[in-house]
file protein_27.txt (compact mmCIF, C-alpha atoms)
# COMPACT_ATOMS: atom_id res chain seq x y z
CA MET A 1 28.12 -30.35 -28.05
CA VAL A 2 30.17 -32.86 -30.03
CA ASP A 3 28.11 -35.57 -31.73
CA ILE A 4 30.75 -37.50 -33.63
CA ALA A 5 34.13 -35.95 -34.41
CA HIS A 6 37.16 -37.33 -36.19
CA VAL A 7 40.79 -36.96 -35.23
CA TYR A 8 43.71 -37.13 -37.66
CA VAL A 9 47.23 -37.90 -36.42
CA SER A 10 50.36 -37.82 -38.59
CA ASN A 11 52.99 -40.36 -37.58
CA ALA A 12 56.49 -39.25 -38.55
CA ASP A 13 58.34 -42.52 -38.11
CA SER A 14 55.81 -45.02 -39.48
CA GLY A 15 54.67 -42.84 -42.40
CA GLU A 16 50.91 -43.00 -42.02
CA VAL A 17 47.97 -40.86 -40.97
CA SER A 18 45.72 -42.37 -38.29
CA VAL A 19 41.99 -41.67 -38.43
CA LEU A 20 40.16 -41.93 -35.10
CA GLN A 21 36.50 -41.49 -34.25
CA MET A 22 35.61 -39.53 -31.11
CA ASP A 23 32.13 -39.89 -29.61
CA SER A 24 30.16 -37.33 -27.61
CA GLN A 25 31.91 -38.43 -24.41
CA GLY A 26 35.35 -37.92 -25.93
CA LEU A 27 36.06 -41.64 -26.22
CA LEU A 28 38.33 -42.57 -29.13
CA THR A 29 38.47 -45.61 -31.39
CA LEU A 30 40.90 -46.18 -34.24
CA GLN A 31 38.91 -46.14 -37.48
CA SER A 32 41.51 -46.46 -40.25
CA GLN A 33 45.07 -45.65 -41.30
CA VAL A 34 46.41 -44.32 -44.60
CA SER A 35 50.03 -45.12 -45.42
CA LEU A 36 51.83 -42.36 -47.33
CA GLY A 37 55.42 -43.29 -46.54
CA GLY A 38 58.26 -41.09 -45.41
CA ASN A 39 58.49 -38.61 -42.56
CA LEU A 40 54.98 -37.16 -42.17
CA MET A 41 54.54 -34.11 -39.98
CA PRO A 42 52.48 -30.91 -40.39
CA MET A 43 48.85 -31.11 -41.51
CA ALA A 44 45.97 -28.73 -42.20
CA ILE A 45 42.27 -29.20 -42.92
CA SER A 46 40.72 -27.13 -45.72
CA PRO A 47 38.16 -24.52 -44.56
CA ASP A 48 35.36 -26.41 -46.34
CA LYS A 49 36.38 -29.63 -44.53
CA THR A 50 36.73 -31.64 -47.74
CA GLN A 51 40.51 -32.06 -47.84
CA LEU A 52 43.44 -32.78 -45.52
CA TYR A 53 46.92 -31.56 -46.47
CA VAL A 54 49.97 -33.43 -45.18
CA ALA A 55 53.62 -32.47 -45.69
CA ARG A 56 56.20 -35.21 -46.19
CA ARG A 57 59.54 -34.00 -44.81
CA SER A 58 61.70 -36.75 -46.34
CA ASP A 59 62.36 -37.49 -50.01
CA PRO A 60 60.33 -37.11 -52.10
CA LEU A 61 59.51 -33.79 -50.38
CA SER A 62 55.88 -33.14 -51.15
CA LEU A 63 52.48 -31.89 -50.08
CA VAL A 64 49.89 -34.67 -50.19
CA THR A 65 46.20 -33.85 -50.68
CA LEU A 66 43.79 -36.34 -49.08
CA ALA A 67 40.06 -36.25 -49.80
CA ILE A 68 37.88 -36.44 -46.67
CA ASP A 69 34.83 -38.67 -47.17
CA PRO A 70 31.76 -36.53 -46.29
CA VAL A 71 30.13 -39.40 -44.39
CA THR A 72 32.82 -41.65 -42.92
CA ARG A 73 35.60 -38.98 -42.74
CA ASP A 74 38.06 -41.59 -44.01
CA LEU A 75 40.92 -40.39 -46.24
CA THR A 76 41.77 -41.06 -49.89
CA VAL A 77 44.86 -39.77 -51.69
CA MET A 78 43.96 -37.18 -54.35
CA ALA A 79 47.25 -35.58 -55.35
CA GLU A 80 50.90 -35.14 -54.47
CA ALA A 81 52.78 -31.95 -55.34
CA ALA A 82 56.54 -31.48 -55.06
CA LEU A 83 57.93 -29.03 -52.50
CA PRO A 84 61.28 -27.17 -52.75
CA ALA A 85 62.20 -27.85 -49.10
CA SER A 86 61.15 -29.75 -45.98
CA MET A 87 58.16 -27.99 -44.43
CA ALA A 88 57.74 -27.59 -40.66
CA TYR A 89 54.25 -26.06 -40.89
CA VAL A 90 51.32 -25.89 -43.30
CA SER A 91 48.09 -23.90 -43.17
CA THR A 92 45.54 -22.44 -45.57
CA ASP A 93 44.41 -18.90 -46.15
CA HIS A 94 40.80 -18.28 -45.10
CA SER A 95 39.49 -18.56 -48.66
CA GLY A 96 40.84 -22.10 -48.87
CA ARG A 97 42.29 -21.38 -52.30
CA TYR A 98 45.91 -21.50 -51.16
CA VAL A 99 48.11 -23.65 -48.93
CA LEU A 100 50.88 -21.81 -47.07
CA ALA A 101 54.00 -23.56 -45.83
CA ALA A 102 57.10 -22.70 -43.77
CA SER A 103 60.46 -24.46 -44.10
CA TYR A 104 62.81 -24.66 -41.12
CA GLN A 105 65.71 -26.14 -43.07
CA GLY A 106 65.08 -24.11 -46.22
CA ALA A 107 64.48 -20.72 -44.54
CA GLN A 108 61.58 -20.00 -46.86
CA LEU A 109 57.81 -19.73 -47.16
CA THR A 110 55.77 -21.11 -50.05
CA VAL A 111 52.33 -20.54 -51.53
CA SER A 112 50.57 -23.34 -53.43
CA PRO A 113 47.20 -22.97 -55.21
CA VAL A 114 44.41 -25.46 -54.57
CA GLY A 115 42.68 -26.73 -57.70
CA PRO A 116 39.81 -29.15 -58.35
CA ASP A 117 42.15 -32.11 -57.89
CA GLY A 118 44.02 -30.86 -54.84
CA VAL A 119 47.13 -28.79 -54.20
CA GLY A 120 49.19 -27.87 -57.25
CA ASP A 121 52.79 -26.82 -57.80
CA VAL A 122 54.31 -24.08 -55.66
CA ALA A 123 53.49 -20.65 -57.12
CA GLN A 124 55.61 -18.41 -54.86
CA VAL A 125 58.74 -18.89 -52.74
CA VAL A 126 59.64 -16.20 -50.20
CA PRO A 127 63.08 -16.30 -48.52
CA THR A 128 63.12 -15.64 -44.74
CA GLY A 129 65.56 -15.39 -41.88
CA PRO A 130 66.97 -18.67 -40.50
CA HIS A 131 64.58 -21.46 -39.51
CA ALA A 132 61.10 -20.36 -40.60
CA HIS A 133 58.78 -22.33 -38.36
CA ALA A 134 55.08 -21.44 -38.60
CA ILE A 135 52.76 -19.57 -40.97
CA LEU A 136 49.15 -18.44 -40.56
CA PRO A 137 46.80 -15.88 -42.15
CA SER A 138 45.43 -13.04 -40.03
CA PRO A 139 41.70 -13.30 -39.13
CA CYS A 140 40.85 -10.68 -41.76
CA ASN A 141 42.86 -12.58 -44.44
CA ARG A 142 44.67 -9.36 -45.40
CA TYR A 143 47.99 -10.48 -43.94
CA VAL A 144 50.12 -13.59 -43.50
CA LEU A 145 52.33 -13.94 -40.43
CA ALA A 146 55.29 -16.29 -40.07
CA THR A 147 58.03 -16.97 -37.54
CA SER A 148 61.79 -17.09 -38.04
CA LEU A 149 63.12 -19.00 -35.05
CA GLY A 150 66.76 -18.43 -35.92
CA GLY A 151 66.15 -14.81 -36.88
CA GLY A 152 64.16 -14.11 -33.72
CA ALA A 153 61.25 -12.51 -35.55
CA LEU A 154 57.53 -12.70 -36.19
CA MET A 155 57.20 -11.50 -39.78
CA VAL A 156 54.15 -9.80 -41.30
CA PHE A 157 53.34 -9.94 -45.02
CA ASP A 158 50.67 -8.24 -47.08
CA TRP A 159 48.47 -10.99 -48.53
CA ASN A 160 46.47 -10.78 -51.76
CA ALA A 161 43.83 -13.51 -51.61
CA GLU A 162 42.93 -12.92 -55.27
CA THR A 163 46.38 -13.43 -56.72
CA GLY A 164 47.82 -15.63 -53.97
CA ARG A 165 50.88 -13.45 -53.53
CA MET A 166 52.49 -12.14 -50.36
CA LYS A 167 54.83 -9.21 -49.91
CA ALA A 168 56.99 -8.36 -46.88
CA LEU A 169 55.47 -5.59 -44.76
CA THR A 170 57.04 -5.48 -41.29
CA SER A 171 58.23 -7.69 -38.44
CA TRP A 172 58.39 -7.84 -34.66
CA THR A 173 61.74 -8.76 -33.08
CA ALA A 174 61.84 -11.08 -30.07
CA ARG A 175 64.36 -11.14 -27.24
CA SER A 176 67.74 -12.65 -28.06
CA GLY A 177 67.61 -16.41 -27.52
CA ALA A 178 63.80 -16.64 -27.34
CA GLY A 179 63.28 -18.62 -30.57
CA PRO A 180 59.79 -17.74 -31.93
CA ARG A 181 58.07 -20.96 -32.97
CA HIS A 182 54.24 -21.31 -33.09
CA PHE A 183 51.61 -18.62 -32.60
CA ARG A 184 47.84 -18.11 -32.40
CA PHE A 185 45.44 -15.22 -32.91
CA ASP A 186 42.64 -14.76 -30.40
CA SER A 187 39.10 -15.11 -31.79
CA ALA A 188 38.52 -11.35 -31.69
CA GLY A 189 41.64 -10.66 -33.72
CA ARG A 190 43.08 -8.33 -31.07
CA HIS A 191 46.02 -10.36 -29.79
CA VAL A 192 48.68 -12.80 -30.95
CA TYR A 193 50.10 -15.40 -28.57
CA LEU A 194 53.65 -16.32 -29.60
CA LEU A 195 55.36 -19.42 -28.20
CA ASN A 196 59.14 -19.28 -27.94
CA GLU A 197 60.86 -22.66 -28.24
CA LEU A 198 64.28 -21.87 -26.79
CA ASP A 199 63.37 -20.05 -23.54
CA GLY A 200 59.96 -21.66 -22.87
CA THR A 201 57.88 -18.47 -22.85
CA VAL A 202 54.74 -17.04 -24.41
CA ASP A 203 54.71 -13.43 -25.61
CA VAL A 204 51.39 -11.60 -25.65
CA LEU A 205 51.31 -9.18 -28.57
CA ALA A 206 48.63 -6.62 -29.43
CA TRP A 207 47.63 -7.02 -33.09
CA HIS A 208 46.72 -3.87 -35.04
CA ALA A 209 44.85 -5.10 -38.10
CA SER A 210 44.63 -1.64 -39.65
CA THR A 211 48.42 -1.43 -40.03
CA GLY A 212 49.63 -5.03 -39.64
CA CYS A 213 51.80 -4.00 -36.68
CA LEU A 214 52.48 -5.88 -33.43
CA GLU A 215 53.05 -4.46 -29.95
CA HIS A 216 54.53 -6.39 -27.02
CA LEU A 217 52.35 -6.53 -23.88
CA GLN A 218 53.61 -9.38 -21.70
CA THR A 219 55.95 -12.39 -21.45
CA VAL A 220 54.99 -15.46 -19.40
CA SER A 221 56.98 -18.64 -18.70
CA ILE A 222 55.38 -22.02 -19.46
CA LEU A 223 58.06 -24.01 -17.58
CA PRO A 224 56.78 -26.10 -14.65
CA PRO A 225 57.98 -25.52 -11.07
CA GLY A 226 61.42 -27.05 -10.45
CA PHE A 227 62.15 -27.31 -14.17
CA ALA A 228 65.73 -28.38 -14.93
CA GLY A 229 67.29 -28.73 -18.34
CA LYS A 230 67.00 -27.00 -21.67
CA PRO A 231 63.55 -25.56 -22.55
CA TRP A 232 62.00 -27.09 -25.66
CA ALA A 233 58.55 -25.56 -26.19
CA ALA A 234 56.53 -26.96 -29.07
CA ASP A 235 52.87 -26.02 -29.62
CA LEU A 236 50.04 -23.86 -28.28
CA HIS A 237 46.26 -23.66 -28.70
CA LEU A 238 43.35 -21.60 -27.40
CA THR A 239 39.96 -22.98 -26.44
CA PRO A 240 37.16 -21.73 -28.74
CA CYS A 241 35.81 -19.53 -25.92
CA GLY A 242 39.20 -17.80 -25.81
CA ARG A 243 39.56 -18.08 -22.02
CA HIS A 244 42.15 -20.86 -21.81
CA LEU A 245 45.52 -21.17 -23.53
CA TYR A 246 47.61 -24.34 -23.38
CA ALA A 247 51.25 -24.75 -24.41
CA SER A 248 53.38 -27.89 -24.64
CA GLU A 249 56.97 -28.28 -23.42
CA ARG A 250 58.90 -31.35 -24.57
CA THR A 251 61.78 -31.57 -22.07
CA SER A 252 59.37 -31.93 -19.11
CA SER A 253 56.55 -33.52 -21.18
CA THR A 254 54.03 -31.06 -19.73
CA LEU A 255 51.19 -28.82 -20.83
CA ALA A 256 50.98 -25.38 -19.23
CA HIS A 257 47.49 -23.96 -18.70
CA LEU A 258 47.25 -20.17 -18.87
CA LEU A 259 44.11 -18.17 -18.15
CA VAL A 260 43.36 -15.35 -20.59
CA ASP A 261 42.07 -12.03 -19.24
CA GLU A 262 39.17 -11.30 -21.58
CA ALA A 263 39.57 -7.53 -21.29
CA THR A 264 43.33 -7.18 -21.69
CA GLY A 265 44.41 -10.43 -23.33
CA ARG A 266 47.07 -10.92 -20.66
CA LEU A 267 47.90 -14.35 -19.27
CA SER A 268 48.21 -15.88 -15.82
CA VAL A 269 49.63 -19.36 -15.24
CA GLN A 270 47.12 -21.76 -13.66
CA ALA A 271 48.62 -25.26 -13.75
CA HIS A 272 50.98 -27.73 -15.39
CA THR A 273 49.84 -31.21 -16.44
CA GLN A 274 52.05 -34.21 -17.15
CA VAL A 275 51.19 -35.60 -20.59
CA GLU A 276 52.58 -37.98 -23.22
CA THR A 277 56.37 -38.16 -23.58
CA GLN A 278 57.70 -35.41 -25.86
CA PRO A 279 54.40 -33.66 -26.76
CA ARG A 280 55.31 -32.05 -30.07
CA GLY A 281 51.70 -31.45 -31.12
CA PHE A 282 48.18 -31.31 -29.72
CA ALA A 283 44.74 -29.97 -30.60
CA ILE A 284 41.49 -28.84 -28.98
CA ASP A 285 38.22 -30.05 -30.46
CA PRO A 286 35.84 -27.37 -31.86
CA SER A 287 33.46 -27.75 -28.91
CA GLY A 288 36.24 -26.85 -26.49
CA ARG A 289 35.50 -29.88 -24.34
CA TYR A 290 38.48 -32.07 -25.18
CA LEU A 291 42.22 -31.68 -25.61
CA LEU A 292 44.10 -34.33 -27.58
CA VAL A 293 47.87 -34.62 -27.24
CA VAL A 294 50.34 -37.05 -28.83
CA GLY A 295 53.74 -38.17 -27.55
CA GLN A 296 56.44 -38.37 -30.19
CA LEU A 297 58.34 -40.85 -27.99
CA SER A 298 55.35 -42.61 -26.38
CA HIS A 299 53.55 -43.40 -29.68
CA HIS A 300 50.21 -42.76 -27.94
CA LEU A 301 47.41 -40.21 -28.07
CA SER A 302 45.81 -38.97 -24.83
CA CYS A 303 42.39 -37.38 -24.53
CA PHE A 304 41.86 -34.90 -21.69
CA ALA A 305 38.47 -33.51 -20.71
CA ILE A 306 38.56 -29.71 -20.23
CA ALA A 307 36.55 -28.33 -17.30
CA THR A 308 34.38 -25.59 -18.79
CA GLU A 309 34.86 -22.98 -16.10
CA THR A 310 38.31 -23.68 -14.71
CA GLY A 311 40.05 -25.14 -17.77
CA GLN A 312 41.43 -27.94 -15.61
CA LEU A 313 42.49 -31.04 -17.54
CA ARG A 314 41.37 -34.56 -16.63
CA LEU A 315 42.87 -37.59 -18.40
CA GLN A 316 40.19 -39.94 -19.62
CA GLN A 317 41.83 -42.13 -22.27
CA ARG A 318 45.13 -43.19 -23.84
CA ILE A 319 45.23 -44.98 -27.17
CA PRO A 320 48.16 -46.20 -29.31
CA VAL A 321 48.62 -44.67 -32.75
CA GLY A 322 51.56 -44.90 -35.17
CA GLN A 323 55.26 -44.41 -34.48
CA GLY A 324 56.46 -40.88 -33.77
CA PRO A 325 53.06 -39.12 -33.72
CA ASN A 326 53.54 -35.38 -33.86
CA TRP A 327 50.57 -33.51 -35.35
CA VAL A 328 46.84 -33.59 -34.50
CA GLU A 329 43.85 -32.15 -36.39
CA VAL A 330 40.21 -32.46 -35.29
CA LEU A 331 37.18 -32.35 -37.61
CA ALA A 332 33.71 -32.04 -36.07
call {"tool": "encode", "arguments": {"input": "protein_27.txt", "output": "structure tokens"}}
result
Amino acid sequence: MVDIAHVYVSNADSGEVSVLQMDSQGLLTLQSQVSLGGNLMPMAISPDKTQLYVARRSDPLSLVTLAIDPVTRDLTVMAEAALPASMAYVSTDHSGRYVLAASYQGAQLTVSPVGPDGVGDVAQVVPTGPHAHAILPSPCNRYVLATSLGGGALMVFDWNAETGRMKALTSWTARSGAGPRHFRFDSAGRHVYLLNELDGTVDVLAWHASTGCLEHLQTVSILPPGFAGKPWAADLHLTPCGRHLYASERTSSTLAHLLVDEATGRLSVQAHTQVETQPRGFAIDPSGRYLLVVGQLSHHLSCFAIATETGQLRLQQRIPVGQGPNWVEVLA
């Protein structure tokens, strides 16, 4: 049960991070805003919940470390470290000692150490295929996975959490024209759900942690009935229980709800919900009761209640945030 949670939204066009408070009923109020300037997009919360990392994608390209107040959850700038390229995605390894980033324009991945005063200078740069888009550690923290949208691959790297170095191991190749974008591991570490931007599908992949290999099991469309136009899939998230997967599609401004078979990991489409205009990013709170989605063109955040058994979404609030909101993180 959520007592009080806090929601962080990065606003690309107005250059600030919005801090919102969410009560136990999922009702949101704007608490504060921190202006950082420039084009703010991907964010990640440190595993110990003391820091928020935000990538600025315009000059000066940088990774900003914000301290999270332990009581109020407000943000204070700690540090700003230069980046070699514009980053589309940031995450941390499970130790919290390193920030990982993927550059779409730069076709590269970076590793940055976290010190007492925040994120430091980039320690490793790894070239990739065209348009690297997302990067995450495996649940066991022995591997790092990253997508190359232009190269049509989900890449696997050996990861050394002691030295903070990664080394190419293998990769899984998607269908031509799929465009691998974002991905998620299930909580058991048995499957990877890979969202493809260009054809609006999700691939279900078996994950073999002993070898770092991936095996294709299923492909499911997230496009709503009667869809017309060019698919433009954006983001996906699993509920903490692992039973419900949601994926956003920007052309139709919808969220697809897919039910996860707990035994096989396979997906079945349940519903499509109209949401904010151009839903680039969204998040599910740690309790699994609420889904929060922003509209990059609507400049609003919507909160949907998630029905525990069915996963059905019910809109309960819309609230304005900054201009061009695109990324959401929730801290309970």
call {"tool": "closest_atom_pairs", "arguments": {"input": "protein_27.txt", "of": "stretch 233-267 of chain A", "to": "stretch 172-193 of chain A", "cutoff": "7 Å", "atoms": "all atoms listed in the file", "output": "CSV"}}
result
residue,atom,partner,partner_atom,distance
A:Asp235,CA,A:His182,CA,6.0
A:Leu236,CA,A:His182,CA,6.9
A:His237,CA,A:Arg184,CA,6.9
A:Gly242,CA,A:Asp186,CA,6.5
A:Gly265,CA,A:His191,CA,6.7
call {"tool": "residues_around", "arguments": {"input": "protein_27.txt", "residues": "A:Pro325", "least_positions_apart": "5", "cutoff": "9 Å", "atoms": "all atoms listed in the file", "output": "list in words"}}
result
Val9, Ser10, Asn11, Ala12, Asp13, Ser14, Leu40, Met41, Pro279, Arg280, Gly281, Val294, Gly295, Gln296, Leu297, Ser298, His299, His300 and Leu301 of chain A
call {"tool": "atom_distance", "arguments": {"input": "protein_27.txt", "atom1": "atom CA of A:His131", "atom2": "atom CA of A:Ser302"}}
result
29.6 Å
call {"tool": "closest_residue", "arguments": {"input": "protein_27.txt", "among": "A:Pro231, A:Pro240, A:Pro320, A:Gly106", "to": "A:Tyr290", "atoms": "all atoms listed in the file"}}
result
A:Pro240
call {"tool": "atom_distance", "arguments": {"input": "protein_27.txt", "atom1": "atom CA of A:Pro70", "atom2": "atom CA of A:Val99"}}
result
21.0 Å
call {"tool": "closest_residue", "arguments": {"input": "protein_27.txt", "among": "A:Leu223, A:Leu291, A:Ala101, A:Thr254", "to": "A:Thr277", "atoms": "only C-alpha atoms"}}
result
A:Thr254
call {"tool": "residues_around", "arguments": {"input": "protein_27.txt", "residues": "stretch 73-89 of chain A", "least_positions_apart": "6", "cutoff": "6 Å", "atoms": "only C-alpha atoms", "output": "ChimeraX atom specification"}}
result
/A:42,57,61-67,101-104,106,118,120-121,133-134
call {"tool": "residues_around", "arguments": {"input": "protein_27.txt", "residues": "A:Ser287", "least_positions_apart": "2", "cutoff": "12 Å", "atoms": "all atoms listed in the file", "output": "JSON, numbers by chain"}}
result
{"A": [1, 2, 3, 4, 5, 24, 25, 26, 238, 239, 240, 241, 242, 283, 284, 285, 289, 290, 291, 305, 306, 308, 330, 331, 332]}
call {"tool": "closest_residue", "arguments": {"input": "protein_27.txt", "among": "A:Gly164, A:Gly288, A:Gly212, A:Gly129", "to": "A:His244", "atoms": "all atoms listed in the file"}}
result
A:Gly288
call {"tool": "atom_distance", "arguments": {"input": "protein_27.txt", "atom1": "atom CA of A:Tyr246", "atom2": "atom CA of A:Ala55"}}
result
24.5 Å
call {"tool": "closest_residue", "arguments": {"input": "protein_27.txt", "among": "A:Val328, A:Arg314, A:Ala206, A:Thr273", "to": "A:Val19", "atoms": "all atoms listed in the file"}}
result
A:Val328
call {"tool": "closest_residue", "arguments": {"input": "protein_27.txt", "among": "A:Gln33, A:Pro130, A:Glu329, A:Ser252", "to": "A:Tyr53", "atoms": "all atoms listed in the file"}}
result
A:Glu329
call {"tool": "residues_near_point", "arguments": {"input": "protein_27.txt", "point": "(61.8, -29.0, -28.0)", "cutoff": "10 Å", "atoms": "all atoms listed in the file", "output": "PyMOL selection string"}}
result
chain A and resi 197-198+200+230-235+248-253+278-280
call {"tool": "closest_residue", "arguments": {"input": "protein_27.txt", "among": "A:Leu292, A:Leu30, A:Met166, A:Leu194", "to": "A:His216", "atoms": "only C-alpha atoms"}}
result
A:Leu194
call {"tool": "residues_near_point", "arguments": {"input": "protein_27.txt", "point": "(53.2, -12.7, -44.0)", "cutoff": "12 Å", "atoms": "all atoms listed in the file", "output": "JSON list (two decimals) with C-alpha atoms, in the frame of the given file"}}
result
[["chain", "number", "residue", "atom", "x", "y", "z"],
["A", 93, "ASP", "CA", 44.41, -18.90, -46.15],
["A", 100, "LEU", "CA", 50.88, -21.81, -47.07],
["A", 101, "ALA", "CA", 54.00, -23.56, -45.83],
["A", 102, "ALA", "CA", 57.10, -22.70, -43.77],
["A", 108, "GLN", "CA", 61.58, -20.00, -46.86],
["A", 109, "LEU", "CA", 57.81, -19.73, -47.16],
["A", 110, "THR", "CA", 55.77, -21.11, -50.05],
["A", 111, "VAL", "CA", 52.33, -20.54, -51.53],
["A", 126, "VAL", "CA", 59.64, -16.20, -50.20],
["A", 127, "PRO", "CA", 63.08, -16.30, -48.52],
["A", 128, "THR", "CA", 63.12, -15.64, -44.74],
["A", 132, "ALA", "CA", 61.10, -20.36, -40.60],
["A", 134, "ALA", "CA", 55.08, -21.44, -38.60],
["A", 135, "ILE", "CA", 52.76, -19.57, -40.97],
["A", 136, "LEU", "CA", 49.15, -18.44, -40.56],
["A", 137, "PRO", "CA", 46.80, -15.88, -42.15],
["A", 138, "SER", "CA", 45.43, -13.04, -40.03],
["A", 141, "ASN", "CA", 42.86, -12.58, -44.44],
["A", 142, "ARG", "CA", 44.67, -9.36, -45.40],
["A", 143, "TYR", "CA", 47.99, -10.48, -43.94],
["A", 144, "VAL", "CA", 50.12, -13.59, -43.50],
["A", 145, "LEU", "CA", 52.33, -13.94, -40.43],
["A", 146, "ALA", "CA", 55.29, -16.29, -40.07],
["A", 147, "THR", "CA", 58.03, -16.97, -37.54],
["A", 148, "SER", "CA", 61.79, -17.09, -38.04],
["A", 153, "ALA", "CA", 61.25, -12.51, -35.55],
["A", 154, "LEU", "CA", 57.53, -12.70, -36.19],
["A", 155, "MET", "CA", 57.20, -11.50, -39.78],
["A", 156, "VAL", "CA", 54.15, -9.80, -41.30],
["A", 157, "PHE", "CA", 53.34, -9.94, -45.02],
["A", 158, "ASP", "CA", 50.67, -8.24, -47.08],
["A", 159, "TRP", "CA", 48.47, -10.99, -48.53],
["A", 160, "ASN", "CA", 46.47, -10.78, -51.76],
["A", 164, "GLY", "CA", 47.82, -15.63, -53.97],
["A", 165, "ARG", "CA", 50.88, -13.45, -53.53],
["A", 166, "MET", "CA", 52.49, -12.14, -50.36],
["A", 167, "LYS", "CA", 54.83, -9.21, -49.91],
["A", 168, "ALA", "CA", 56.99, -8.36, -46.88],
["A", 169, "LEU", "CA", 55.47, -5.59, -44.76],
["A", 170, "THR", "CA", 57.04, -5.48, -41.29],
["A", 171, "SER", "CA", 58.23, -7.69, -38.44],
["A", 172, "TRP", "CA", 58.39, -7.84, -34.66],
["A", 212, "GLY", "CA", 49.63, -5.03, -39.64],
["A", 213, "CYS", "CA", 51.80, -4.00, -36.68]]
call {"tool": "axis_aligned_box", "arguments": {"input": "protein_27.txt", "around": "stretch 223-233 of chain A", "padding_each_side": "5 Å", "output": "JSON"}}
result
{"center_x": 62.0, "center_y": -26.4, "center_z": -18.3, "size_x": 20.5, "size_y": 14.7, "size_z": 25.7}
call {"tool": "build_atoms", "arguments": {"input": "protein_27.txt", "residues": "stretch 50-63 of chain A", "atoms": "N, CA, C and O atoms", "output": "PDB file, keeping the file's coordinate frame"}}
result
ATOM      1  N   THR A  50      36.756 -30.570 -46.744  1.00  0.00           N
ATOM      2  CA  THR A  50      36.730 -31.640 -47.740  1.00  0.00           C
ATOM      3  C   THR A  50      38.100 -32.255 -47.993  1.00  0.00           C
ATOM      4  O   THR A  50      38.189 -33.331 -48.591  1.00  0.00           O
ATOM      5  N   GLN A  51      39.171 -31.580 -47.544  1.00  0.00           N
ATOM      6  CA  GLN A  51      40.510 -32.060 -47.840  1.00  0.00           C
ATOM      7  C   GLN A  51      41.429 -31.912 -46.634  1.00  0.00           C
ATOM      8  O   GLN A  51      41.275 -30.984 -45.838  1.00  0.00           O
ATOM      9  N   LEU A  52      42.381 -32.848 -46.523  1.00  0.00           N
ATOM     10  CA  LEU A  52      43.440 -32.780 -45.520  1.00  0.00           C
ATOM     11  C   LEU A  52      44.765 -32.687 -46.259  1.00  0.00           C
ATOM     12  O   LEU A  52      45.019 -33.462 -47.193  1.00  0.00           O
ATOM     13  N   TYR A  53      45.603 -31.733 -45.859  1.00  0.00           N
ATOM     14  CA  TYR A  53      46.920 -31.560 -46.470  1.00  0.00           C
ATOM     15  C   TYR A  53      47.992 -32.034 -45.499  1.00  0.00           C
ATOM     16  O   TYR A  53      47.976 -31.660 -44.328  1.00  0.00           O
ATOM     17  N   VAL A  54      48.912 -32.851 -46.007  1.00  0.00           N
ATOM     18  CA  VAL A  54      49.970 -33.430 -45.180  1.00  0.00           C
ATOM     19  C   VAL A  54      51.310 -33.192 -45.864  1.00  0.00           C
ATOM     20  O   VAL A  54      51.452 -33.491 -47.056  1.00  0.00           O
ATOM     21  N   ALA A  55      52.284 -32.672 -45.126  1.00  0.00           N
ATOM     22  CA  ALA A  55      53.620 -32.470 -45.690  1.00  0.00           C
ATOM     23  C   ALA A  55      54.516 -33.651 -45.350  1.00  0.00           C
ATOM     24  O   ALA A  55      54.607 -34.054 -44.195  1.00  0.00           O
ATOM     25  N   ARG A  56      55.175 -34.185 -46.384  1.00  0.00           N
ATOM     26  CA  ARG A  56      56.200 -35.210 -46.190  1.00  0.00           C
ATOM     27  C   ARG A  56      57.542 -34.492 -46.120  1.00  0.00           C
ATOM     28  O   ARG A  56      57.908 -33.752 -47.041  1.00  0.00           O
ATOM     29  N   ARG A  57      58.303 -34.723 -45.037  1.00  0.00           N
ATOM     30  CA  ARG A  57      59.540 -34.000 -44.810  1.00  0.00           C
ATOM     31  C   ARG A  57      60.793 -34.783 -45.218  1.00  0.00           C
ATOM     32  O   ARG A  57      61.902 -34.326 -45.010  1.00  0.00           O
ATOM     33  N   SER A  58      60.588 -35.962 -45.794  1.00  0.00           N
ATOM     34  CA  SER A  58      61.700 -36.750 -46.340  1.00  0.00           C
ATOM     35  C   SER A  58      61.466 -36.898 -47.842  1.00  0.00           C
ATOM     36  O   SER A  58      60.369 -36.619 -48.345  1.00  0.00           O
ATOM     37  N   ASP A  59      62.494 -37.339 -48.560  1.00  0.00           N
ATOM     38  CA  ASP A  59      62.360 -37.490 -50.010  1.00  0.00           C
ATOM     39  C   ASP A  59      61.352 -38.582 -50.366  1.00  0.00           C
ATOM     40  O   ASP A  59      61.359 -39.647 -49.739  1.00  0.00           O
ATOM     41  N   PRO A  60      60.478 -38.343 -51.339  1.00  0.00           N
ATOM     42  CA  PRO A  60      60.330 -37.110 -52.100  1.00  0.00           C
ATOM     43  C   PRO A  60      59.545 -36.052 -51.299  1.00  0.00           C
ATOM     44  O   PRO A  60      58.419 -36.325 -50.859  1.00  0.00           O
ATOM     45  N   LEU A  61      60.174 -34.870 -51.101  1.00  0.00           N
ATOM     46  CA  LEU A  61      59.510 -33.790 -50.380  1.00  0.00           C
ATOM     47  C   LEU A  61      58.244 -33.403 -51.131  1.00  0.00           C
ATOM     48  O   LEU A  61      58.292 -33.073 -52.321  1.00  0.00           O
ATOM     49  N   SER A  62      57.127 -33.414 -50.435  1.00  0.00           N
ATOM     50  CA  SER A  62      55.880 -33.140 -51.150  1.00  0.00           C
ATOM     51  C   SER A  62      54.754 -32.768 -50.199  1.00  0.00           C
ATOM     52  O   SER A  62      54.840 -32.976 -48.981  1.00  0.00           O
ATOM     53  N   LEU A  63      53.718 -32.208 -50.787  1.00  0.00           N
ATOM     54  CA  LEU A  63      52.480 -31.890 -50.080  1.00  0.00           C
ATOM     55  C   LEU A  63      51.411 -32.818 -50.632  1.00  0.00           C
ATOM     56  O   LEU A  63      51.100 -32.782 -51.836  1.00  0.00           O
TER      57      LEU A  63
END
